[in-house]
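A.B. asks: work35.cif is the file, holding mmCIF, C-alpha atoms and all ligand atoms:
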```
data_upload
loop_
_atom_site.label_atom_id
_atom_site.label_comp_id
_atom_site.auth_asym_id
_atom_site.auth_seq_id
_atom_site.Cartn_x
_atom_site.Cartn_y
_atom_site.Cartn_z
CA MET A 1 -4.53 14.17 -10.51
CA PHE A 2 -3.98 10.39 -10.05
CA LYS A 3 -1.56 10.41 -12.99
CA LYS A 4 0.36 13.34 -11.46
CA ILE A 5 0.56 11.48 -8.15
CA TYR A 6 1.89 8.39 -9.93
CA LYS A 7 4.52 10.46 -11.78
CA GLU A 8 5.69 12.06 -8.53
CA ILE A 9 5.95 8.64 -6.85
CA LYS A 10 7.97 7.37 -9.82
CA LYS A 11 10.46 10.26 -9.46
CA TYR A 12 11.68 9.52 -5.93
CA ASP A 13 13.88 6.70 -4.62
CA THR A 14 12.95 7.37 -1.01
CA ILE A 15 9.32 7.75 -0.02
CA VAL A 16 7.96 8.33 3.48
CA ILE A 17 4.27 7.73 4.15
CA ALA A 18 2.70 9.41 7.18
CA ARG A 19 -0.83 9.96 8.52
CA HIS A 20 -2.65 11.51 11.46
CA ILE A 21 -1.89 11.14 15.16
CA GLY A 22 -4.28 8.93 17.12
CA VAL A 23 -4.01 6.10 14.63
CA ASP A 24 -7.17 4.36 13.38
CA PRO A 25 -7.67 1.53 10.84
CA ASP A 26 -8.26 3.79 7.80
CA ALA A 27 -5.14 5.87 8.50
CA LEU A 28 -2.93 2.86 9.20
CA ALA A 29 -4.30 0.55 6.51
CA SER A 30 -4.05 3.24 3.82
CA GLN A 31 -0.46 3.86 4.81
CA LEU A 32 0.55 0.19 4.76
CA ALA A 33 -1.39 -0.56 1.57
CA LEU A 34 0.24 2.30 -0.33
CA LYS A 35 3.68 1.28 0.95
CA GLU A 36 3.13 -2.32 -0.25
CA SER A 37 1.81 -1.16 -3.59
CA ILE A 38 4.76 1.18 -4.27
CA GLN A 39 7.23 -1.56 -3.30
CA LEU A 40 5.48 -4.10 -5.48
CA THR A 41 5.52 -1.70 -8.42
CA PHE A 42 9.03 -0.33 -7.87
CA PRO A 43 11.04 -2.97 -5.94
CA THR A 44 14.19 -0.82 -5.71
CA LYS A 45 12.55 2.14 -3.99
CA LYS A 46 12.88 2.57 -0.23
CA VAL A 47 9.45 3.16 1.27
CA TYR A 48 8.80 3.85 4.96
CA ALA A 49 5.47 3.95 6.79
CA VAL A 50 5.97 6.10 9.90
CA GLY A 51 4.13 7.20 13.05
CA ASN A 52 3.04 5.78 16.38
CA GLY A 53 1.26 2.47 16.09
CA SER A 54 -1.15 0.67 18.36
CA THR A 55 -1.02 -2.98 19.44
CA LYS A 56 -4.78 -3.08 18.88
CA PHE A 57 -4.23 -2.80 15.13
CA ALA A 58 -1.25 -5.18 14.98
CA TYR A 59 -3.22 -7.41 12.57
CA LEU A 60 -2.84 -4.69 9.91
CA GLY A 61 0.95 -4.85 9.89
CA LYS A 62 4.08 -3.15 11.13
CA LEU A 63 5.32 0.41 10.86
CA ASP A 64 8.93 1.39 10.20
CA LYS A 65 11.43 2.94 12.59
CA LEU A 66 12.02 6.63 12.06
CA GLU A 67 15.25 7.50 10.25
CA ASP A 68 16.87 10.66 9.05
CA TYR A 69 15.66 10.68 5.45
CA SER A 70 17.05 12.91 2.74
CA ASN A 71 15.77 13.88 -0.70
CA PHE A 72 12.46 12.16 -0.06
CA LEU A 73 8.87 12.36 -1.18
CA LEU A 74 6.46 12.59 1.74
CA ILE A 75 2.94 11.25 1.23
CA ILE A 76 0.53 12.32 3.97
CA LEU A 77 -2.66 10.30 4.14
CA ASP A 78 -5.98 10.91 5.91
CA THR A 79 -4.86 14.16 7.56
CA PRO A 80 -6.38 17.60 6.92
CA ASP A 81 -4.08 19.82 9.00
CA LYS A 82 -0.38 20.08 9.80
CA LYS A 83 -0.81 19.91 13.56
CA ARG A 84 -2.27 16.40 13.25
CA ILE A 85 0.52 14.91 11.07
CA ASP A 86 2.21 12.09 12.98
CA TYR A 87 5.63 13.00 11.55
CA LYS A 88 7.38 16.07 12.86
CA ASP A 89 9.98 16.48 10.06
CA TYR A 90 7.48 17.13 7.28
CA SER A 91 9.18 20.42 6.37
CA LYS A 92 12.34 18.46 5.38
CA ALA A 93 10.52 16.68 2.53
CA SER A 94 11.60 17.53 -1.04
CA SER A 95 8.04 17.13 -2.21
CA ILE A 96 4.66 16.45 -0.56
CA ILE A 97 1.53 14.63 -1.68
CA LYS A 98 -1.62 14.82 0.41
CA ILE A 99 -4.46 12.33 -0.06
CA ASP A 100 -7.42 12.84 2.25
CA HIS A 101 -11.16 12.52 2.69
CA HIS A 102 -11.59 15.07 5.53
CA PRO A 103 -13.07 18.50 4.87
CA PHE A 104 -10.26 20.82 3.71
CA ILE A 105 -8.47 22.73 6.48
CA GLU A 106 -5.10 23.80 5.08
CA SER A 107 -2.78 23.17 2.16
CA PHE A 108 0.42 21.15 2.60
CA GLU A 109 1.99 22.95 -0.36
CA GLY A 110 2.29 20.02 -2.73
CA LEU A 111 0.05 17.80 -4.83
CA GLU A 112 -3.29 17.47 -3.07
CA TYR A 113 -6.10 15.03 -3.77
CA ILE A 114 -8.99 15.69 -1.41
CA ASP A 115 -12.41 14.11 -1.75
CA ASP A 116 -14.51 14.74 1.34
CA LYS A 117 -17.37 12.78 -0.23
CA SER A 118 -15.26 9.63 -0.10
CA SER A 119 -16.01 7.12 2.65
CA SER A 120 -12.34 6.74 3.53
CA THR A 121 -8.80 7.35 2.43
CA CYS A 122 -8.64 3.66 1.53
CA GLU A 123 -11.49 4.18 -0.95
CA ILE A 124 -9.45 6.92 -2.68
CA LEU A 125 -6.46 4.59 -2.82
CA MET A 126 -8.62 1.83 -4.35
CA GLU A 127 -9.30 4.23 -7.22
CA LEU A 128 -5.67 5.39 -7.41
CA LEU A 129 -4.48 1.80 -7.81
CA LEU A 130 -7.07 1.07 -10.49
CA LYS A 131 -6.36 4.22 -12.49
CA THR A 132 -2.54 4.15 -12.45
CA LYS A 133 0.17 1.54 -12.91
CA LEU A 134 0.49 1.06 -9.15
CA LYS A 135 0.16 -2.66 -8.53
CA CYS A 136 -2.15 -4.46 -6.15
CA ASN A 137 -2.42 -7.98 -4.73
CA ASP A 138 -4.64 -9.85 -2.22
CA GLU A 139 -2.80 -8.41 0.81
CA ILE A 140 -3.02 -4.81 -0.42
CA ALA A 141 -6.69 -5.25 -1.36
CA LYS A 142 -7.37 -6.63 2.12
CA LEU A 143 -5.74 -3.62 3.79
CA LEU A 144 -7.79 -1.25 1.65
CA TYR A 145 -10.98 -3.11 2.52
CA TYR A 146 -10.15 -2.91 6.25
CA GLY A 147 -9.81 0.86 6.09
CA LEU A 148 -12.93 1.34 3.99
CA VAL A 149 -15.27 -0.78 6.10
CA SER A 150 -13.89 0.69 9.29
CA ASP A 151 -14.33 4.35 8.31
CA SER A 152 -17.73 3.79 6.69
CA ASN A 153 -18.72 1.76 9.74
CA ARG A 154 -19.66 -1.16 7.51
CA PHE A 155 -21.39 1.05 4.92
CA LEU A 156 -23.69 2.64 7.51
CA PHE A 157 -23.02 6.28 6.66
CA ASP A 158 -24.18 8.40 3.71
CA ASN A 159 -20.58 8.60 2.46
CA SER A 160 -20.97 5.03 1.20
CA THR A 161 -21.94 5.91 -2.36
CA SER A 162 -22.49 3.95 -5.56
CA LYS A 163 -18.81 4.67 -6.25
CA THR A 164 -17.88 2.99 -2.94
CA PHE A 165 -19.90 -0.12 -3.75
CA ASN A 166 -18.60 -0.17 -7.30
CA LEU A 167 -14.97 -0.09 -6.10
CA VAL A 168 -15.67 -2.78 -3.50
CA SER A 169 -17.33 -4.91 -6.16
CA ILE A 170 -14.29 -4.58 -8.46
CA TYR A 171 -11.91 -5.49 -5.63
CA LEU A 172 -14.05 -8.45 -4.55
CA LYS A 173 -13.98 -9.74 -8.10
CA LYS A 174 -10.25 -9.25 -8.64
CA TYR A 175 -8.85 -10.29 -5.26
CA HIS A 176 -9.42 -12.92 -2.66
CA LEU A 177 -10.90 -11.26 0.42
CA LYS A 178 -12.05 -13.39 3.35
CA LEU A 179 -14.71 -11.11 4.81
CA SER A 180 -15.37 -13.10 7.99
CA GLU A 181 -11.68 -12.92 8.92
CA ILE A 182 -11.61 -9.17 8.25
CA TYR A 183 -14.69 -8.51 10.40
CA THR A 184 -13.43 -10.71 13.23
CA ASN A 185 -10.15 -8.78 13.37
CA LEU A 186 -11.95 -5.46 13.27
CA TYR A 187 -14.68 -6.16 15.79
CA LEU A 188 -13.43 -8.78 18.27
CA ARG A 189 -13.30 -7.21 21.75
CA PRO A 190 -12.24 -8.40 25.20
CA LEU A 191 -15.08 -8.90 27.68
CA LYS A 192 -13.82 -6.05 29.90
CA GLU A 193 -14.53 -3.62 27.06
CA LYS A 194 -18.05 -5.00 26.58
CA ARG A 195 -18.60 -4.48 30.30
CA LEU A 196 -17.36 -0.90 30.00
CA GLU A 197 -19.78 -0.42 27.10
CA GLY A 198 -22.56 -1.65 29.40
CA TYR A 199 -21.47 0.88 32.02
CA ILE A 200 -21.67 3.68 29.45
CA SER A 201 -25.20 2.64 28.39
CA LEU A 202 -26.33 2.55 32.00
CA ASN A 203 -24.73 5.80 33.10
CA MET A 204 -24.80 8.22 30.19
CA LYS A 205 -26.88 11.34 30.69
CA VAL A 206 -29.22 12.60 28.00
CA THR A 207 -30.20 16.28 27.73
CA GLU A 208 -33.67 17.47 26.69
CA ASN A 209 -32.27 18.06 23.20
CA GLY A 210 -31.07 14.48 22.82
CA VAL A 211 -27.39 14.97 23.56
CA ALA A 212 -26.03 11.92 25.37
CA TYR A 213 -22.74 12.22 27.18
CA ILE A 214 -20.58 10.38 29.64
CA ILE A 215 -17.45 11.50 31.44
CA LEU A 216 -15.11 8.61 32.15
CA THR A 217 -12.49 9.44 34.73
CA ASN A 218 -9.29 7.47 35.01
CA ASP A 219 -10.75 5.73 38.09
CA ILE A 220 -13.67 4.35 36.08
CA ILE A 221 -11.45 3.22 33.20
CA SER A 222 -9.07 1.53 35.69
CA LYS A 223 -11.96 -0.24 37.39
CA PHE A 224 -12.75 -1.98 34.11
CA LYS A 225 -9.02 -2.57 33.47
CA ALA A 226 -9.55 -0.98 30.05
CA ASP A 227 -7.20 1.44 28.33
CA SER A 228 -8.05 5.08 27.79
CA ALA A 229 -8.57 4.68 24.03
CA SER A 230 -11.06 1.82 24.33
CA ALA A 231 -14.14 3.85 25.32
CA GLY A 232 -13.68 6.27 22.42
CA ASN A 233 -13.43 3.35 20.04
CA MET A 234 -16.94 2.30 21.10
CA ILE A 235 -18.50 5.57 20.04
CA ASN A 236 -20.12 4.06 16.92
CA ASN A 237 -21.90 1.44 19.02
CA PHE A 238 -24.35 4.10 20.22
CA ASN A 239 -25.55 5.04 16.72
CA PHE A 240 -29.16 4.04 16.83
CA ILE A 241 -30.69 5.14 20.13
CA ASP A 242 -34.09 6.70 19.58
CA GLU A 243 -33.74 9.41 22.22
CA VAL A 244 -30.18 10.31 21.23
CA LEU A 245 -29.30 12.62 18.33
CA VAL A 246 -25.73 13.49 19.32
CA TRP A 247 -23.49 11.50 21.63
CA ILE A 248 -20.23 12.29 23.34
CA ILE A 249 -17.70 10.15 25.19
CA VAL A 250 -15.20 12.06 27.30
CA THR A 251 -12.25 10.03 28.61
CA GLU A 252 -9.54 11.13 30.98
CA ASP A 253 -6.14 10.04 29.62
CA ILE A 254 -3.71 10.29 32.53
CA LYS A 255 -0.79 8.81 30.56
CA ASN A 256 -0.91 11.57 27.95
CA ASN A 257 -2.10 14.18 30.41
CA ASN A 258 -5.15 15.17 28.39
CA VAL A 259 -8.81 14.41 27.88
CA ARG A 260 -10.07 12.60 24.76
CA VAL A 261 -13.43 13.47 23.32
CA ASN A 262 -15.30 11.48 20.68
CA ILE A 263 -18.48 12.94 19.21
CA ARG A 264 -21.01 11.53 16.75
CA SER A 265 -24.21 12.99 15.37
CA ARG A 266 -27.28 11.92 13.40
CA GLY A 267 -28.01 15.47 12.24
CA PRO A 268 -26.44 18.52 13.90
CA ILE A 269 -23.05 19.55 12.46
CA ILE A 270 -20.49 18.99 15.20
CA ASN A 271 -17.04 19.50 13.67
CA LYS A 272 -17.16 23.31 14.02
CA ILE A 273 -17.61 22.90 17.78
CA ALA A 274 -14.86 20.27 17.91
CA GLU A 275 -12.52 22.73 16.14
CA LYS A 276 -13.15 25.25 18.93
CA TYR A 277 -11.78 22.68 21.39
CA ASN A 278 -8.52 21.65 19.73
CA GLY A 279 -10.28 19.11 17.59
CA GLY A 280 -11.99 18.61 14.26
CA GLY A 281 -13.10 15.86 11.92
CA HIS A 282 -16.14 15.27 9.75
CA ALA A 283 -19.52 17.00 9.92
CA LEU A 284 -21.10 14.11 11.83
CA ALA A 285 -18.03 12.36 13.31
CA SER A 286 -15.51 14.43 15.23
CA GLY A 287 -13.00 14.32 18.03
CA ALA A 288 -11.14 16.73 20.28
CA ARG A 289 -8.37 16.83 22.89
CA LEU A 290 -8.95 18.92 26.02
CA SER A 291 -6.55 19.97 28.73
CA SER A 292 -9.01 19.31 31.57
CA LEU A 293 -12.30 17.65 32.43
CA ILE A 294 -13.76 21.07 33.29
CA GLU A 295 -13.42 22.11 29.64
CA ALA A 296 -15.60 19.11 28.75
CA GLU A 297 -18.63 20.71 30.41
CA SER A 298 -18.30 23.76 28.19
CA LEU A 299 -17.94 21.57 25.07
CA ILE A 300 -21.02 19.53 26.01
CA ASN A 301 -22.93 22.75 26.54
CA ASP A 302 -21.91 24.09 23.11
CA ILE A 303 -22.94 20.82 21.45
CA ASP A 304 -26.27 20.99 23.25
CA LEU A 305 -26.86 24.55 21.95
CA VAL A 306 -26.09 23.51 18.36
CA THR A 307 -28.46 20.56 18.74
CA GLU A 308 -31.21 22.76 20.16
CA LYS A 309 -30.83 25.12 17.16
CA TYR A 310 -30.90 22.16 14.77
CA LEU A 311 -34.12 20.87 16.34
CA LYS A 312 -35.79 24.29 16.14
CA GLU A 313 -34.85 24.67 12.48
CA SER A 314 -35.82 21.20 11.31
P1 LIG B 1 -12.64 9.56 16.37
O1 LIG B 1 -13.77 9.94 17.26
O2 LIG B 1 -11.31 9.55 17.08
O3 LIG B 1 -12.93 8.29 15.62
O4 LIG B 1 -12.48 10.71 15.28
C1 LIG B 1 -13.51 11.07 14.40
C2 LIG B 1 -12.98 12.02 13.36
O5 LIG B 1 -12.50 13.19 13.99
C3 LIG B 1 -11.78 11.46 12.57
O6 LIG B 1 -11.91 11.94 11.25
C4 LIG B 1 -10.58 12.09 13.22
O7 LIG B 1 -9.52 12.27 12.31
C5 LIG B 1 -11.13 13.43 13.72
N1 LIG B 1 -10.48 13.82 14.98
C6 LIG B 1 -10.44 13.11 16.12
N2 LIG B 1 -9.76 13.78 17.07
C7 LIG B 1 -9.35 14.93 16.52
C8 LIG B 1 -8.58 16.06 16.99
N3 LIG B 1 -8.12 16.13 18.23
N4 LIG B 1 -8.35 17.06 16.10
C9 LIG B 1 -8.84 17.02 14.84
N5 LIG B 1 -9.57 16.00 14.35
C10 LIG B 1 -9.83 14.96 15.16
#
```
As structure tokens, how would this structure be written, given the file I've shared?
C.D. replies:
Amino acid sequence: MFKKIYKEIKKYDTIVIARHIGVDPDALASQLALKESIQLTFPTKKVYAVGNGSTKFAYLGKLDKLEDYSNFLLIILDTPDKKRIDYKDYSKASSIIKIDHHPFIESFEGLEYIDDKSSSTCEILMELLLKTKLKCNDEIAKLLYYGLVSDSNRFLFDNSTSKTFNLVSIYLKKYHLKLSEIYTNLYLRPLKEKRLEGYISLNMKVTENGVAYIILTNDIISKFKADSASAGNMINNFNFIDEVLVWIIVTEDIKNNNVRVNIRSRGPIINKIAEKYNGGGHALASGARLSSLIEAESLINDIDLVTEKYLKES
């Protein structure tokens, strides 16, 4: 499949690279790394990385302005379903390649490489670059490492396999990666966000089944002068609490007129519930978008029921 992907890339002069809405480091870094690699390999091709960015991830690089492309190959990274593609004109593409590590949801009618055992889309790209003539350099390797460590949460999850470590080892040998700089960029936070994290620890409720949840209204977020995405980005900081098996952060997002939900689990499968609420994701790491805070109560209740069942069965 990697060879087929390479051949398809070689065929097109214009290539657009997209990924999912609600940008995160794996989605953005995979996009920018692949763009750099294609340009390094084929300097005459026009390659565009598109979608909404976030100032928080400015250290990863810049995205391109949307244009009206014609006769182009569209590569969609890190996105399992059409509704989450951060590029509305995907039906105009002459050809589509999908590369993803989420559980399969739907086909994009093109070449598809899906490995839901992979830690990250960046890990898949590390292999793609090693197994084809696509070139790599220190900058590209750094981007790929950013995405991989971010999505594996610094190799904490079971999706960090011997293959993951093997690829990382190869890249560390071949390229110059300054790990301390990478981790500082990824994990440096303003004090107001640390204070908000403290608020969450102090105020989250925990059900009898070990489901922790907090509902952050716009008033609370404003009090900490934080932005609505910041609380959700802290979700992995609550990984190892003895009494907590599943944890949920619900954040009111006035600007986008919706409610963000981030869910993580140390056992019960949560993505099926997330899918019921306009969301999805991985078995133990999911998200959803709700239309109101009231809907959040129903979601929390459903998660609690799944957790109760899990506890009874295990
Ligand atoms: P997050 O909590 O935003 O880090 O997301 C965890 C996982 O769930 C990632 O794989 C996301 O792509 C996925 N995810 C988050 N929000 C949604 C959503 N509204 N719909 C589908 N998948 C989502």
A.B. asks: So which one's closest to Ala18 of chain A, A:Met1, A:Arg84, A:Thr41, A:Val206? Using only C-alpha atoms, please.
C.D. replies: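 Ranked by minimum distance to Ala18 of chain A, first place goes to A:Arg84.
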A.B. asks: Please extract the residues at most 6 Å from ligand LIG 1 (chain B), counting only C-alpha atoms and all ligand atoms, and provide them as a list of chain:residue names, using the chain letters and residue numbers of this document.
C.D. replies: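 If we count only C-alpha atoms and all ligand atoms, the neighbours of ligand LIG 1 (chain B) turn out to be A:Asn262, A:Ile263, A:Asn278, A:Gly279, A:Gly280, A:Gly281, A:His282, A:Ala285, A:Ser286, A:Gly287, A:Ala288, A:Arg289.
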A.B. asks: Counting all atoms listed in the file, which residue out of A:Ile21, A:Ile221, A:Leu186, A:Val306 sits closest to Gly53 of chain A?
C.D. replies: A:Ile21
A.B. asks: So the first atom is atom CA of Ile5 of chain A and the second is atom CA of Gly147 of chain A; what is the distance between them in Å, to one decimal place?
C.D. replies: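 Computed distance, atom CA of Ile5 of chain A to atom CA of Gly147 of chain A, equals 20.6 Å.
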A.B. asks: Around (-9.1, 5.2, 6.3), as given in the file, which residues come within 7 Å? Count all atoms listed in the file and list them as an NGL selection string.
C.D. replies: :A and (25-27 or 29-30 or 78 or 120-122 or 147-148 or 151)
A.B. asks: Distance atom CA of Thr79 of chain A-atom CA of His20 of chain A, one decimal place?
C.D. replies: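 About the pair atom CA of Thr79 of chain A and atom CA of His20 of chain A: they are 5.2 Å apart.
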A.B. asks: Is there a way to get, as a ChimeraX atom specification, all residues within 12 Å of the point (-12.5, -1.0, 38.0) in file coordinates, counting all atoms listed in the file?
C.D. replies: /A:192-193,195-196,199,216-227
A.B. asks: Using 12 Å as the limit and counting only C-alpha atoms, can you tabulate each residue of segment 112-202 of chain A that touches segment 240-247 of chain A, with its shortest atom-to-atom distance in Å and the two atoms involved, as a Markdown table?
C.D. replies:
```
| residue | atom | partner | partner_atom | distance |
| --- | --- | --- | --- | --- |
| A:Leu156 | CA | A:Phe240 | CA | 10.9 |
| A:Ile200 | CA | A:Trp247 | CA | 11.2 |
| A:Ser201 | CA | A:Ile241 | CA | 10.2 |
```
A.B. asks: Could the residues in this selection be written to a file with C-alpha atoms, as a PDB file, in the frame of the given file?
C.D. replies:
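The resulting file, part23.pdb, is reproduced below:
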```
ATOM      1  CA  LEU A 156     -23.690   2.640   7.510  1.00  0.00           C
ATOM      2  CA  ILE A 200     -21.670   3.680  29.450  1.00  0.00           C
ATOM      3  CA  SER A 201     -25.200   2.640  28.390  1.00  0.00           C
TER       4      SER A 201
END
```
A.B. asks: Please, what distance in Å, to one decimal, runs between atom CA of Pro43 of chain A and atom CA of Lys11 of chain A?
C.D. replies: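 One can read the atom CA of Pro43 of chain A to atom CA of Lys11 of chain A distance as 13.7 Å.
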A.B. asks: Tell me which of A:Ile105, A:Leu74, A:Val259, A:Ala212 sits closest to Ala93 of chain A, counting all atoms listed in the file.
C.D. replies: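 Comparing A:Ile105, A:Leu74, A:Val259, A:Ala212 against Ala93 of chain A, the winner is A:Leu74.
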